[in-house]
Amino acid sequence: MGSPVVEFDHVTKIYDDGTVGLENATTAIRQGEFVFLVGPTGCGKSTFIRLLMKEFEATEGTLMIAGRDITKLSRDRIPFLRRNIGAVFQDFKLLPNRTVYDNVAYSLLVTGASRAEIRQKVPHSLRLVGLSTKLHNYPDQLSGGEQQRVSIARAFVNHPPLMICDEPTGNLDPETSLGIMQLIYRINRTGTTVLVATHDKGMVDRMKRRVIELKDGHLVRDERAAGYTSEFNAYAADLDPTNEGELRAS
Amino acid sequence: MNFRFFTSEAIRTLRRNSAPSIAAFLTVMVTTLVLGVFIPITNIATGAANDVRSRLLVEVFLNDNATEQQVAALRKKLAANSDVKSVTYVSKEDALASLEGPLEDASEVLGSNPLPASFQAVPNDPDQVSQIVASLETTSANGEKKTYVSPAINDVQNREDETEKILSITGGVKFAMWGLAILLVLTSALLVGNTIRLSIYARRREVEVMRMVGATNWFIRWPFVIEGIFVGAAGGLVAVLMLLIFKQTIIDPVSDKFALFAAPETINFVNLTLILMVAAVGISAAGSGLTLRRFLRA
Ligand SMILES: Nc1ncnc2c1ncn2[C@@H]1O[C@H](COP(=O)(O)OP(=O)(O)OP(=O)(O)O)[C@@H](O)[C@H]1O
Ligand SMILES: [Mg+2]
């Protein structure tokens, strides 16, 4: 296993109104891992993820990403942290006035990428998620599953070392969810560390990955499922897409 | 800084999401129009008030038996007063001549010339009239007997009642005009600011997404500011064009008939255009940039 990408060291988050979001959480996620974050509603999954995005400060403890303490990160460095984290959300969070292509291009534009780079990387990323034919559609012209694919293409286009997904299949039917989870798994196989918060127990059980369980803001379980393999080949074959393009390690 | 990109971003929003921008455009246009009508009106009103005030003066009537030296000394004294702008001597003959205009054969009726010679002192500031009068009077220790500083003076008049009336009325007009102007400018700024706030509020989720994928605050802000400049310039321009048409078709043809419109202090159209455009663009752009700050903070 690789070096830690994410390290929580006694992290506590108490919201302004006194609600405990996360309490005294200590854990580490290593490079290349695929980790599920589970637990009942209100247990602190989103809090865990939003702390990583530095949407707000931890009340206590230190939180490291790639060996850097992000609790000490100054406000104007936050955008640079986020460029290294591909984020996927339940509600997709696409820009409504931009085409599929421009939505993906936006996360390259913010980094100051050249036009040549954008012309090369955006179609590539959209091919990976199987949306090559809908480059010029607007988000409201796509199905939920398609919109989530766009958001995954956007999260992956910078090839971030870490991808975090907050209920990526929460708004999707089981079949579509499976396709989305396959996609995330395949991105993980390119070496990207992946953290997925989800309610989908069936999915978690089937994929046999490491599971971190939260309850009332506390970390109550952290274990690798039986049958966890580092290569995950057998299951990967099971998940292999039929006609959704090809994901290469890059 | 990639201004071409930011400009194309601004144009994209204007094209794809034009309803809030049109609302902002109309607000800027209407308020600019109102300001454009009000500024010249303020100008004319205060100009007219100033014109009336500038006619106020202090008349110092001289004794017929005053010596030349006394008169010369008094003239010097008046001229040396820092409140006095200019001093004019009106001889007995001048005074009579000015009476004879309306009153033919005045001298025949009167037999001799009863009118005194006088100095007419014009104040620097009409409000200083009473100070000038005071500077010519001395009050004895018990404060009862009023005398003048020069034996040449027979009487000092400033048409006290009239002066006070004129000063208070014109002062009131100027005060009211300035008060209205400030109120109007504030209202305009608030109205434009609020419209922009609403249009940005409608896009706050978009801003949130931009932040989520790692856009810096200025990367998000510039297109909004440029959009504000476009909207402000368009609103201002249309308003100025409407004012120009209004001026040329309605005001100019009748302006000769109304002395007020020809008042020399009326602002010229080029300056008015400049002020309005700078205000429209400035408020609109600053409004966009400042409103966004709220959504960029967290
Ligand atoms: N902005 C906030 N202010 C106050 N309390 C909050 C805020 N966000 C979340 N909470 C509270 O913190 C706790 C954890 O919330 P969190 O959103 O992390 O749960 P979750 O595990 O993501 O739930 P779900 O599965 O429903 O998404 C909850 O009790 C919630 O009410
Ligand atoms: Mg949640």
# chains A, B, ... in the order shown; residues from 1 in each chain; ligands from 1

$ interface_residues --of "chain B" --to "chain A" --cutoff "8 Å" --atoms "only C-alpha atoms" --output "list in words"
Thr13, Arg16, Asn17, Glu206, Val209, Arg211, Met212, Val213, Gly214, Ala215, Thr216, Phe219 and Ala298 of chain B

$ residues_around --residues "stretch 156-170 of chain A" --least-positions-apart "3" --cutoff "7 Å" --atoms "only C-alpha atoms" --output "tab-separated table (two decimals) with N, CA and C atoms, in the first residue's frame"
chain	number	residue	atom	x	y	z
A	46	SER	N	-21.29	13.66	5.14
A	46	SER	CA	-21.04	14.88	4.38
A	46	SER	C	-20.08	15.80	5.12
A	84	ASN	N	-6.92	19.70	-6.70
A	84	ASN	CA	-6.32	18.38	-6.55
A	84	ASN	C	-7.29	17.35	-6.00
A	85	ILE	N	-8.55	17.75	-5.86
A	85	ILE	CA	-9.57	16.82	-5.40
A	85	ILE	C	-10.70	16.82	-6.42
A	86	GLY	N	-10.95	15.67	-7.02
A	86	GLY	CA	-12.10	15.58	-7.91
A	86	GLY	C	-13.32	15.32	-7.05
A	87	ALA	N	-14.34	16.19	-7.14
A	87	ALA	CA	-15.51	16.02	-6.27
A	87	ALA	C	-16.75	15.68	-7.09
A	88	VAL	N	-17.51	14.73	-6.58
A	88	VAL	CA	-18.75	14.30	-7.24
A	88	VAL	C	-19.86	14.33	-6.20
A	89	PHE	N	-21.00	14.91	-6.57
A	89	PHE	CA	-22.07	15.07	-5.59
A	89	PHE	C	-23.37	14.43	-6.07
A	90	GLN	N	-24.24	14.21	-5.09
A	90	GLN	CA	-25.55	13.64	-5.37
A	90	GLN	C	-26.33	14.48	-6.38
A	108	LEU	N	-10.61	22.81	-16.03
A	108	LEU	CA	-9.25	23.00	-16.56
A	108	LEU	C	-8.95	24.49	-16.68
A	121	LYS	N	-7.73	17.20	-23.56
A	121	LYS	CA	-8.15	16.48	-22.35
A	121	LYS	C	-9.66	16.35	-22.20
A	122	VAL	N	-10.41	17.37	-22.62
A	122	VAL	CA	-11.85	17.34	-22.39
A	122	VAL	C	-12.52	16.20	-23.18
A	125	SER	N	-11.63	12.85	-21.57
A	125	SER	CA	-12.33	12.57	-20.32
A	125	SER	C	-13.79	12.20	-20.58
A	152	ILE	N	-18.45	13.34	-13.27
A	152	ILE	CA	-17.28	12.48	-13.06
A	152	ILE	C	-16.18	12.84	-14.05
A	153	ALA	N	-16.58	13.12	-15.28
A	153	ALA	CA	-15.58	13.53	-16.29
A	153	ALA	C	-14.90	14.83	-15.85
A	177	SER	N	-27.06	3.46	-11.20
A	177	SER	CA	-26.11	3.54	-10.10
A	177	SER	C	-24.94	2.59	-10.32
A	192	THR	N	-6.06	6.53	-8.85
A	192	THR	CA	-6.68	7.61	-8.08
A	192	THR	C	-7.27	7.04	-6.78
A	193	THR	N	-6.95	7.70	-5.68
A	193	THR	CA	-7.55	7.32	-4.40
A	193	THR	C	-9.00	7.77	-4.40
A	194	VAL	N	-9.92	6.90	-3.96
A	194	VAL	CA	-11.33	7.23	-4.05
A	194	VAL	C	-12.03	7.05	-2.70
A	195	LEU	N	-12.82	8.03	-2.33
A	195	LEU	CA	-13.64	7.95	-1.13
A	195	LEU	C	-15.09	8.17	-1.54
A	196	VAL	N	-15.96	7.18	-1.23
A	196	VAL	CA	-17.36	7.29	-1.64
A	196	VAL	C	-18.28	7.21	-0.43
A	197	ALA	N	-19.03	8.27	-0.16
A	197	ALA	CA	-20.05	8.21	0.88
A	197	ALA	C	-21.32	7.70	0.24
A	198	THR	N	-21.96	6.73	0.86
A	198	THR	CA	-23.17	6.18	0.24
A	198	THR	C	-24.11	5.56	1.24

$ closest_residue --among "B:Ala234, B:Met210, B:Leu99, B:Ala24" --to "B:Leu191" --atoms "only C-alpha atoms"
B:Ala24

$ atom_distance --atom1 "atom CA of A:Thr59" --atom2 "atom 23 (O, counted along the ligand's line) of ligand 1"
18.8 Å

$ select_by_dssp --residues "stretch 21-232 of chain A" --states "alpha helix (DSSP H)" --output "CSV table (one decimal) with C-alpha atoms, in the first residue's frame"
chain,number,residue,atom,x,y,z
A,45,LYS,CA,-20.6,11.6,6.1
A,46,SER,CA,-21.0,14.9,4.4
A,47,THR,CA,-19.3,16.6,7.2
A,48,PHE,CA,-16.3,14.3,6.7
A,49,ILE,CA,-16.2,15.1,3.0
A,50,ARG,CA,-16.8,18.8,3.4
A,51,LEU,CA,-13.9,19.0,5.8
A,52,LEU,CA,-11.7,17.5,3.1
A,78,ILE,CA,-8.1,26.7,-0.9
A,79,PRO,CA,-8.8,26.8,-4.7
A,80,PHE,CA,-5.5,25.1,-5.2
A,81,LEU,CA,-6.4,22.4,-2.7
A,82,ARG,CA,-9.7,21.8,-4.5
A,83,ARG,CA,-8.0,21.5,-7.9
A,100,VAL,CA,-21.3,19.3,-21.4
A,101,TYR,CA,-18.0,20.2,-23.0
A,102,ASP,CA,-17.7,23.6,-21.3
A,103,ASN,CA,-18.6,22.1,-17.9
A,104,VAL,CA,-15.7,19.8,-18.1
A,105,ALA,CA,-13.4,22.4,-19.6
A,106,TYR,CA,-14.2,24.8,-16.8
A,107,SER,CA,-12.3,22.8,-14.2
A,108,LEU,CA,-9.3,23.0,-16.6
A,109,LEU,CA,-9.8,26.7,-17.3
A,115,ARG,CA,-6.4,25.8,-25.2
A,116,ALA,CA,-4.5,22.9,-26.7
A,117,GLU,CA,-4.5,21.1,-23.4
A,118,ILE,CA,-8.2,21.7,-23.1
A,119,ARG,CA,-9.0,20.5,-26.6
A,120,GLN,CA,-7.1,17.3,-25.9
A,121,LYS,CA,-8.1,16.5,-22.4
A,122,VAL,CA,-11.9,17.3,-22.4
A,123,PRO,CA,-12.9,15.0,-25.2
A,124,HIS,CA,-10.7,12.3,-23.7
A,125,SER,CA,-12.3,12.6,-20.3
A,126,LEU,CA,-15.8,12.6,-21.9
A,127,ARG,CA,-14.9,9.5,-23.9
A,128,LEU,CA,-14.0,7.7,-20.7
A,144,GLY,CA,-29.6,12.0,-14.3
A,145,GLY,CA,-27.1,9.3,-15.0
A,146,GLU,CA,-25.6,11.2,-17.9
A,147,GLN,CA,-25.3,14.3,-15.8
A,148,GLN,CA,-23.5,12.4,-13.1
A,149,ARG,CA,-21.1,11.1,-15.8
A,150,VAL,CA,-20.4,14.6,-16.8
A,151,SER,CA,-19.6,15.5,-13.3
A,152,ILE,CA,-17.3,12.5,-13.1
A,153,ALA,CA,-15.6,13.5,-16.3
A,154,ARG,CA,-15.1,17.0,-14.8
A,155,ALA,CA,-13.7,15.6,-11.6
A,156,PHE,CA,-11.3,13.3,-13.4
A,174,PRO,CA,-30.2,0.9,-9.3
A,175,GLU,CA,-29.1,0.1,-12.8
A,176,THR,CA,-27.8,3.6,-13.5
A,177,SER,CA,-26.1,3.5,-10.1
A,178,LEU,CA,-24.2,0.4,-11.0
A,179,GLY,CA,-22.9,2.1,-14.1
A,180,ILE,CA,-21.7,5.1,-12.2
A,181,MET,CA,-20.1,2.9,-9.5
A,182,GLN,CA,-18.3,1.0,-12.2
A,183,LEU,CA,-17.0,4.2,-13.6
A,184,ILE,CA,-15.7,5.4,-10.2
A,185,TYR,CA,-14.1,2.0,-9.7
A,186,ARG,CA,-12.3,2.2,-13.0
A,187,ILE,CA,-11.0,5.6,-12.1
A,188,ASN,CA,-9.7,4.1,-8.9
A,189,ARG,CA,-7.9,1.5,-11.0
A,201,LYS,CA,-25.8,-1.1,1.3
A,202,GLY,CA,-26.1,-3.6,-1.5
A,203,MET,CA,-23.5,-1.8,-3.5
A,204,VAL,CA,-21.1,-1.7,-0.6
A,205,ASP,CA,-21.6,-5.4,0.1
A,206,ARG,CA,-21.0,-6.4,-3.5
A,207,MET,CA,-17.9,-4.3,-4.1

$ closest_residue --among "A:Cys43, A:Val220, A:Ala66, A:Val6" --to "ligand 2" --atoms "only C-alpha atoms and all ligand atoms"
A:Cys43

$ atom_distance --atom1 "atom CA of A:Ala58" --atom2 "atom CA of A:Val11"
6.6 Å

$ residues_around --residues "A:Thr19" --least-positions-apart "4" --cutoff "12 Å" --atoms "only C-alpha atoms" --output "PDB file with N, CA and C atoms, in the first residue's frame"
ATOM      1  N   THR A  12     -12.510  16.883  15.069  1.00  0.00           N
ATOM      2  CA  THR A  12     -13.858  17.158  15.565  1.00  0.00           C
ATOM      3  C   THR A  12     -14.418  18.350  14.810  1.00  0.00           C
ATOM      4  N   LYS A  13     -15.675  18.217  14.409  1.00  0.00           N
ATOM      5  CA  LYS A  13     -16.350  19.363  13.799  1.00  0.00           C
ATOM      6  C   LYS A  13     -17.651  19.618  14.532  1.00  0.00           C
ATOM      7  N   ILE A  14     -17.736  20.783  15.163  1.00  0.00           N
ATOM      8  CA  ILE A  14     -18.980  21.189  15.807  1.00  0.00           C
ATOM      9  C   ILE A  14     -19.487  22.424  15.067  1.00  0.00           C
ATOM     10  N   TYR A  15     -20.717  22.354  14.573  1.00  0.00           N
ATOM     11  CA  TYR A  15     -21.274  23.482  13.816  1.00  0.00           C
ATOM     12  C   TYR A  15     -21.579  24.645  14.752  1.00  0.00           C
ATOM     13  N   GLU A  23     -16.901  13.687  15.515  1.00  0.00           N
ATOM     14  CA  GLU A  23     -16.234  13.813  16.808  1.00  0.00           C
ATOM     15  C   GLU A  23     -15.044  12.874  16.913  1.00  0.00           C
ATOM     16  N   GLY A  42     -27.448  11.687   8.755  1.00  0.00           N
ATOM     17  CA  GLY A  42     -27.079  12.595   9.834  1.00  0.00           C
ATOM     18  C   GLY A  42     -25.895  12.114  10.657  1.00  0.00           C
ATOM     19  N   CYS A  43     -25.212  11.045  10.203  1.00  0.00           N
ATOM     20  CA  CYS A  43     -24.123  10.489  11.005  1.00  0.00           C
ATOM     21  C   CYS A  43     -22.815  11.252  10.793  1.00  0.00           C
ATOM     22  N   GLY A  44     -22.751  12.092   9.766  1.00  0.00           N
ATOM     23  CA  GLY A  44     -21.542  12.903   9.583  1.00  0.00           C
ATOM     24  C   GLY A  44     -20.749  12.618   8.318  1.00  0.00           C
ATOM     25  N   THR A  47     -20.194  15.802   6.437  1.00  0.00           N
ATOM     26  CA  THR A  47     -19.288  16.620   7.243  1.00  0.00           C
ATOM     27  C   THR A  47     -17.835  16.183   6.992  1.00  0.00           C
ATOM     28  N   THR A  59     -13.090  21.917  14.013  1.00  0.00           N
ATOM     29  CA  THR A  59     -13.088  22.582  15.317  1.00  0.00           C
ATOM     30  C   THR A  59     -11.833  22.192  16.092  1.00  0.00           C
ATOM     31  N   ASP A 216     -23.587   8.900  14.584  1.00  0.00           N
ATOM     32  CA  ASP A 216     -23.655  10.104  15.434  1.00  0.00           C
ATOM     33  C   ASP A 216     -22.322  10.839  15.497  1.00  0.00           C
ATOM     34  N   GLY A 217     -21.652  10.927  14.378  1.00  0.00           N
ATOM     35  CA  GLY A 217     -20.394  11.664  14.329  1.00  0.00           C
ATOM     36  C   GLY A 217     -19.188  10.883  14.798  1.00  0.00           C
TER      37      GLY A 217
END

$ decode --residues "stretch 42-176 of chain A" --atoms "C-alpha atoms" --output "tab-separated table (two decimals), in the first residue's frame"
chain	number	residue	atom	x	y	z
A	42	GLY	CA	-27.08	12.59	9.83
A	43	CYS	CA	-24.12	10.49	11.01
A	44	GLY	CA	-21.54	12.90	9.58
A	45	LYS	CA	-20.61	11.57	6.13
A	46	SER	CA	-21.04	14.88	4.38
A	47	THR	CA	-19.29	16.62	7.24
A	48	PHE	CA	-16.31	14.29	6.72
A	49	ILE	CA	-16.22	15.09	3.01
A	50	ARG	CA	-16.75	18.82	3.37
A	51	LEU	CA	-13.87	18.98	5.83
A	52	LEU	CA	-11.66	17.50	3.12
A	53	MET	CA	-12.82	20.18	0.67
A	54	LYS	CA	-12.15	22.74	3.38
A	55	GLU	CA	-15.64	24.13	3.06
A	56	PHE	CA	-15.29	24.90	6.74
A	57	GLU	CA	-12.68	24.55	9.45
A	58	ALA	CA	-12.29	21.57	11.75
A	59	THR	CA	-13.09	22.58	15.32
A	60	GLU	CA	-10.25	20.42	16.62
A	61	GLY	CA	-7.59	18.04	15.36
A	62	THR	CA	-5.40	17.99	12.28
A	63	LEU	CA	-6.38	16.94	8.81
A	64	MET	CA	-3.66	16.10	6.31
A	65	ILE	CA	-3.96	15.65	2.56
A	66	ALA	CA	-0.88	14.28	0.80
A	67	GLY	CA	1.17	15.04	3.90
A	68	ARG	CA	0.05	18.66	4.17
A	69	ASP	CA	-1.91	19.95	7.11
A	70	ILE	CA	-4.93	21.59	5.48
A	71	THR	CA	-6.17	23.06	8.74
A	72	LYS	CA	-3.27	25.49	8.41
A	73	LEU	CA	-4.03	26.28	4.79
A	74	SER	CA	-4.70	29.98	4.17
A	75	ARG	CA	-7.97	30.98	2.59
A	76	ASP	CA	-6.50	32.01	-0.74
A	77	ARG	CA	-4.84	28.59	-1.14
A	78	ILE	CA	-8.14	26.71	-0.88
A	79	PRO	CA	-8.83	26.81	-4.65
A	80	PHE	CA	-5.47	25.10	-5.23
A	81	LEU	CA	-6.38	22.36	-2.75
A	82	ARG	CA	-9.68	21.79	-4.54
A	83	ARG	CA	-8.02	21.47	-7.93
A	84	ASN	CA	-6.32	18.38	-6.55
A	85	ILE	CA	-9.57	16.82	-5.40
A	86	GLY	CA	-12.10	15.58	-7.91
A	87	ALA	CA	-15.51	16.02	-6.27
A	88	VAL	CA	-18.75	14.30	-7.24
A	89	PHE	CA	-22.07	15.07	-5.59
A	90	GLN	CA	-25.55	13.64	-5.37
A	91	ASP	CA	-26.98	16.69	-7.14
A	92	PHE	CA	-24.25	16.72	-9.84
A	93	LYS	CA	-23.50	20.44	-9.39
A	94	LEU	CA	-23.11	21.19	-13.09
A	95	LEU	CA	-23.11	24.73	-14.44
A	96	PRO	CA	-26.56	25.07	-16.06
A	97	ASN	CA	-25.57	27.62	-18.70
A	98	ARG	CA	-22.70	25.59	-20.11
A	99	THR	CA	-22.62	22.66	-22.44
A	100	VAL	CA	-21.28	19.29	-21.37
A	101	TYR	CA	-17.98	20.16	-23.01
A	102	ASP	CA	-17.73	23.58	-21.33
A	103	ASN	CA	-18.61	22.15	-17.93
A	104	VAL	CA	-15.69	19.77	-18.10
A	105	ALA	CA	-13.45	22.44	-19.64
A	106	TYR	CA	-14.23	24.83	-16.78
A	107	SER	CA	-12.26	22.84	-14.21
A	108	LEU	CA	-9.25	23.00	-16.56
A	109	LEU	CA	-9.77	26.70	-17.27
A	110	VAL	CA	-9.58	27.61	-13.59
A	111	THR	CA	-6.10	26.10	-13.48
A	112	GLY	CA	-5.00	28.28	-16.38
A	113	ALA	CA	-4.68	25.36	-18.80
A	114	SER	CA	-3.80	26.15	-22.41
A	115	ARG	CA	-6.36	25.80	-25.15
A	116	ALA	CA	-4.46	22.94	-26.72
A	117	GLU	CA	-4.51	21.11	-23.42
A	118	ILE	CA	-8.24	21.68	-23.05
A	119	ARG	CA	-8.96	20.51	-26.60
A	120	GLN	CA	-7.09	17.33	-25.91
A	121	LYS	CA	-8.15	16.48	-22.35
A	122	VAL	CA	-11.85	17.34	-22.39
A	123	PRO	CA	-12.91	14.98	-25.21
A	124	HIS	CA	-10.68	12.31	-23.72
A	125	SER	CA	-12.33	12.57	-20.32
A	126	LEU	CA	-15.81	12.58	-21.86
A	127	ARG	CA	-14.94	9.51	-23.93
A	128	LEU	CA	-13.99	7.72	-20.71
A	129	VAL	CA	-17.43	8.28	-19.25
A	130	GLY	CA	-19.16	7.40	-22.52
A	131	LEU	CA	-20.54	10.81	-23.40
A	132	SER	CA	-18.67	11.60	-26.61
A	133	THR	CA	-21.86	12.16	-28.52
A	134	LYS	CA	-23.41	14.75	-26.21
A	135	LEU	CA	-20.64	17.33	-26.02
A	136	HIS	CA	-22.87	20.21	-27.00
A	137	ASN	CA	-25.91	19.38	-24.91
A	138	TYR	CA	-26.80	21.45	-21.89
A	139	PRO	CA	-27.22	19.70	-18.51
A	140	ASP	CA	-31.01	20.01	-18.57
A	141	GLN	CA	-31.01	17.99	-21.80
A	142	LEU	CA	-29.40	14.99	-20.10
A	143	SER	CA	-30.69	12.18	-17.89
A	144	GLY	CA	-29.58	12.03	-14.26
A	145	GLY	CA	-27.10	9.27	-15.00
A	146	GLU	CA	-25.65	11.24	-17.89
A	147	GLN	CA	-25.33	14.35	-15.76
A	148	GLN	CA	-23.47	12.35	-13.13
A	149	ARG	CA	-21.14	11.07	-15.85
A	150	VAL	CA	-20.40	14.64	-16.85
A	151	SER	CA	-19.58	15.51	-13.26
A	152	ILE	CA	-17.28	12.48	-13.06
A	153	ALA	CA	-15.58	13.53	-16.29
A	154	ARG	CA	-15.13	16.99	-14.79
A	155	ALA	CA	-13.74	15.56	-11.56
A	156	PHE	CA	-11.30	13.35	-13.45
A	157	VAL	CA	-10.15	15.70	-16.21
A	158	ASN	CA	-7.35	17.15	-14.05
A	159	HIS	CA	-6.27	13.64	-13.02
A	160	PRO	CA	-6.50	14.49	-9.34
A	161	PRO	CA	-4.75	12.18	-6.87
A	162	LEU	CA	-7.93	12.08	-4.78
A	163	MET	CA	-11.56	11.76	-5.77
A	164	ILE	CA	-14.36	12.16	-3.24
A	165	CYS	CA	-17.96	11.34	-3.97
A	166	ASP	CA	-20.87	12.30	-1.69
A	167	GLU	CA	-23.74	9.91	-2.47
A	168	PRO	CA	-22.93	9.85	-6.18
A	169	THR	CA	-25.81	7.44	-6.83
A	170	GLY	CA	-28.28	8.95	-4.37
A	171	ASN	CA	-30.54	10.31	-7.09
A	172	LEU	CA	-30.22	7.45	-9.55
A	173	ASP	CA	-32.02	4.16	-10.14
A	174	PRO	CA	-30.16	0.91	-9.29
A	175	GLU	CA	-29.12	0.13	-12.83
A	176	THR	CA	-27.75	3.58	-13.51
